[in-house]
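Heads up, the thing below is written out as structure tokens.
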Amino acid sequence: MTDKFQIVGSLLRPDELLKYKTQIEHNDDIQYPFYENYEGYEKCETEAIKQVVAKEIEHNLSVVTDGEFSKSMWHLDFVWGFGGVKRYIADHGYFFRDVDGTSKYETRKDIGLRITDKLSGKNHHFIQLFKQLQDTAGEQQTKLCVPSPSHIFGELSWSDNIGGTDSVYQNIQELKEGLVIAYKEFVEEFAAVGGKILQFDDCLWELFADDNPNSPFTGENINQDEVKGLATEFIDINNTVIDFGHSLGLKMWTHNCRGNYDSRNMGGGSYAKIANLFLKQLKYDRFFLEWDDDRAGSIEALEVFKDRPETEIVLGLLSSKTSTLDDEARVVRLLDEASKIIDKDRLLLSHQCGFASCDGGNELSEAQQWAKIDQGQKIAKQYWNN
């Protein structure tokens with residue numbers, strides 16, 4: 001075993017679990033966590049989680065998750081678990097870039113969020129799920145992955161939930177304050193049940209990279225002062241919750257990527273363009289960063305971590321989007337480049353994202369997934385000699 005290779009979190013779901021997940025996707029007259037709506041679903045999910053945790057341990061992963069088998073999507077299940085939120089099927093899904101790099105690729109449509117009352121993170125279903133993960137994993141180290149406060153703030157603030165006659169929150173500041181309260185309530189309960197590592201996942205940083213051609217914030221006639229102000233707002237809401245987690249003794253990690261759905265991505269944007277914002281200012285203990293292709297730009301963006309000796313960087317040089325094994329020479333070359341900037345002991349290796357950020361998963365088989373994980377383990381063990 002080496003602790004220098006890590007998984008981001010999600011793994012491919014088995015077919016028997018996907019039968020339930022597909023039904024959930026196409027219905028909005030059901031209530032999260034949906035167990036009462038589908039006979040046998042809870043039992044199937046629980047058994048699948050036990051099996052995947054056993055496989056993670058068998059494949060020598062030092063930090064395990066539930067494979068995110070309890071989720072339909074990487075972020076929205078967490079929001080569905082808040083008090084004061086109703087889920088619905090929207091007119092359209094999110095739009096990703098198709099494999100040709102230009103065409104649009106639409107995701108599932110059950111992404112609508114309606115705020116019906118003040119947000120609350122108390123008695124969240126994820127706490128029960130994490131307790132089950134702890135029981136299943138035994139002495140093995142565990143982590144829980146949830147969306148970052150800023151990501152959910154972004155999605156809710158750009159929705160039609162704010163400022164209407166019947167809206168719970170009349171402006172963005174009220175939403176921000178309410179969301180922080182809900183996150184703190186959740187984080188406090190996570191720490192109370194023995195949670196040690198909380199990972200905030202985030203896909204919005206690259207919106208603020210001016211070399212991202214897919215961002216609404218790039219191009220002419222854009223007020224860049226307003227854009228930078230929004231980025232600062234995102235950083236502030238995350239740091240508020242990160243500080244709270246630290247006060248409870250938690251390790252606070254983050255994962256950033258540019259979208260991961262059916263082996264597609266949402267856009268570009270290099271780390272160099274956002275390094276002085278998100279990489280430098282966010283107070284996480286460990287950053288999982290997507291670096292599996294040229295969209296991420298130069299490794300030199302890691303320079304901003306030089307004066308943060310306690311911060312660890314997990315380089316996502318491997319790809320969870322492909323079915324083939326990765327180019328090991330490329331991985332080693334980029335690790336060498338990174339270790340000239342950041343002490344080698346502070347670096348780790350991973351895939352750029354999970355294998356199934358949403359329950360349908362990327363375009364590879366389970367056997368190919370585990371082969372890629374084993375390859376990551378092998379590269380890390382050889383590179384760090386541990």
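Each chain in the structure tokens gets a letter, A, B and so on, in the order shown; residues start at 1 in every chain, and ligands are counted from 1 in the order they appear.
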Long-range neighbours of Ser103 of chain A as an mmCIF file with C-alpha atoms, in the first residue's frame, 12 Å cut-off, only C-alpha atoms, 6 positions minimum in chain:
```cif
data_model
loop_
_atom_site.group_PDB
_atom_site.id
_atom_site.type_symbol
_atom_site.label_atom_id
_atom_site.label_comp_id
_atom_site.auth_asym_id
_atom_site.auth_seq_id
_atom_site.Cartn_x
_atom_site.Cartn_y
_atom_site.Cartn_z
ATOM 1 C CA PHE A 95 -24.638 21.318 -21.132
ATOM 2 C CA PHE A 96 -21.227 19.706 -21.525
ATOM 3 C CA ARG A 97 -18.886 19.587 -24.500
ATOM 4 C CA ASN A 214 -16.522 28.210 -22.599
ATOM 5 C CA ARG A 264 -17.197 14.554 -21.304
ATOM 6 C CA ASN A 265 -16.009 17.862 -19.855
ATOM 7 C CA MET A 266 -17.610 21.269 -19.458
ATOM 8 C CA GLY A 267 -14.795 23.495 -20.704
#
```
Nearby residues (only C-alpha atoms) at most 7 Å from Pro149 of chain A, same-chain spacing under 3 positions excluded, as a list in words: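 In the requested form, the answer reads Ile152, Phe153, Ile237 and Asn238 of chain A.
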I need the residues from that last selection saved to file as a JSON list (two decimals), in the first residue's frame (with N, CA and C atoms), if you can.
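Contents of the output file result29.json:
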```json
[["chain", "number", "residue", "atom", "x", "y", "z"],
["A", 152, "ILE", "N", -22.54, 25.40, -4.70],
["A", 152, "ILE", "CA", -23.99, 25.42, -4.50],
["A", 152, "ILE", "C", -24.50, 26.87, -4.44],
["A", 153, "PHE", "N", -23.72, 27.76, -3.86],
["A", 153, "PHE", "CA", -24.07, 29.18, -3.86],
["A", 153, "PHE", "C", -24.21, 29.67, -5.29],
["A", 237, "ILE", "N", -16.99, 32.47, 0.99],
["A", 237, "ILE", "CA", -17.98, 31.53, 1.54],
["A", 237, "ILE", "C", -17.33, 30.19, 1.84],
["A", 238, "ASN", "N", -16.39, 29.75, 0.98],
["A", 238, "ASN", "CA", -15.68, 28.50, 1.26],
["A", 238, "ASN", "C", -14.81, 28.62, 2.50]]
```
Backbone DSSP call of helix (DSSP H, G or I) for segment 232-275 of chain A, listed as a ChimeraX atom specification: /A:232-247,271-273,275
Would you output that residue set with C-alpha atoms, as a PDB file, in the first residue's frame?
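Writing the result to out-v6.pdb gives the following:
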```pdb
ATOM      1  CA  THR A 232     -13.831  36.733  -4.075  1.00  0.00           C
ATOM      2  CA  GLU A 233     -17.362  35.959  -2.855  1.00  0.00           C
ATOM      3  CA  PHE A 234     -16.851  32.295  -3.734  1.00  0.00           C
ATOM      4  CA  ILE A 235     -13.535  32.190  -1.887  1.00  0.00           C
ATOM      5  CA  ASP A 236     -15.025  33.895   1.157  1.00  0.00           C
ATOM      6  CA  ILE A 237     -17.978  31.534   1.539  1.00  0.00           C
ATOM      7  CA  ASN A 238     -15.684  28.497   1.262  1.00  0.00           C
ATOM      8  CA  ASN A 239     -13.112  29.844   3.706  1.00  0.00           C
ATOM      9  CA  THR A 240     -15.817  30.619   6.250  1.00  0.00           C
ATOM     10  CA  VAL A 241     -16.853  26.961   6.299  1.00  0.00           C
ATOM     11  CA  ILE A 242     -13.267  25.695   6.010  1.00  0.00           C
ATOM     12  CA  ASP A 243     -12.302  27.734   9.085  1.00  0.00           C
ATOM     13  CA  PHE A 244     -15.267  26.274  10.950  1.00  0.00           C
ATOM     14  CA  GLY A 245     -14.229  22.739   9.985  1.00  0.00           C
ATOM     15  CA  HIS A 246     -10.686  23.409  11.152  1.00  0.00           C
ATOM     16  CA  SER A 247     -12.024  24.693  14.475  1.00  0.00           C
ATOM     17  CA  TYR A 271      -4.730  26.991 -13.390  1.00  0.00           C
ATOM     18  CA  ALA A 272      -2.242  29.794 -14.069  1.00  0.00           C
ATOM     19  CA  LYS A 273      -5.138  32.177 -14.681  1.00  0.00           C
ATOM     20  CA  ALA A 275      -3.839  30.523  -9.199  1.00  0.00           C
TER      21      ALA A 275
END
```
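Contact shell of segment 363-365 of chain A at 10 Å (only C-alpha atoms; same-chain neighbours under 2 positions omitted): Leu12, Tyr261, Asp262, Ser263, Arg264, Ser320, Lys321, Thr322, Ser323, Thr324, Phe355, Ala356, Gly360, Gly361, Ala367, Gln368, Gln369, Trp370 and Ala371 of chain A.
Candidate residues A:Arg87, A:Lys4, A:Arg13, A:Arg330 were compared for distance to Glu25 of chain A, and the nearest is A:Arg87, using only C-alpha atoms.
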Nearby residues (only C-alpha atoms) at most 10 Å from Ser357 of chain A, same-chain spacing under 3 positions excluded, as an MDAnalysis selection string: chainID A and resid 8:12 67:68 71:75 259:263 353:354 360:362
Spatial neighbours of Ile89 of chain A, max dist 8 Å, only C-alpha atoms, sep filter under 4 positions, as a count of residues only: 7
Those of segment 189-381 of chain A in DSSP strand (DSSP E), formatted as a PyMOL selection string: chain A and resi 197-202+251-256+286-290+312-318+347-351
Who sits within 9 Å of Thr2 of chain A, only C-alpha atoms, same chain under 6 positions skipped, as a list in words: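 These residues fall inside the cut-off: Asn60, Leu61, Ser62, Gln377, Lys378, Ala380, Lys381, Trp384, Asn385 and Asn386 of chain A.
Note that the spacing between atom CA of Ile341 of chain A and atom CA of Ile299 of chain A amounts to 8.7 Å.
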Pick from A:Gly101, A:Trp80, A:Ser215, A:Gly121 nearest to Glu188 of chain A, counting only C-alpha atoms: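 Among the listed residues, the smallest separation from Glu188 of chain A belongs to A:Gly121.
Using only C-alpha atoms, the smallest distance between any of A:Asp66, A:Asp307, A:Asp211, A:Asp359 and Gln281 of chain A comes from A:Asp307.
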Test item: residues at most 12 Å from Leu133 of chain A, only C-alpha atoms, excluding those fewer than 2 positions along its chain, as number ranges by chain: A: 45-54, 63-70, 126-131, 135-144, 193-195
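Considering the residues A:Leu349, A:Cys257, A:Leu230, A:Ile373 and counting only C-alpha atoms, Lys55 of chain A has its shortest atom-to-atom contact with A:Ile373.
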Residue nearest Tyr88 of chain A among A:Lys122, A:Arg108, A:Lys43, A:Arg114 (counting only C-alpha atoms):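 Going through A:Lys122, A:Arg108, A:Lys43, A:Arg114 one by one, the smallest distance to Tyr88 of chain A is for A:Arg114.
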Atom pair atom CA of Leu207 of chain A / atom CA of Asp294 of chain A: separation (Å):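 So the two atoms, atom CA of Leu207 of chain A and atom CA of Asp294 of chain A, lie 16.7 Å apart.
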Nearest residue to Ile7 of chain A from the set A:Lys340, A:Lys176, A:Lys228, A:His255 (distances using only C-alpha atoms): A:His255
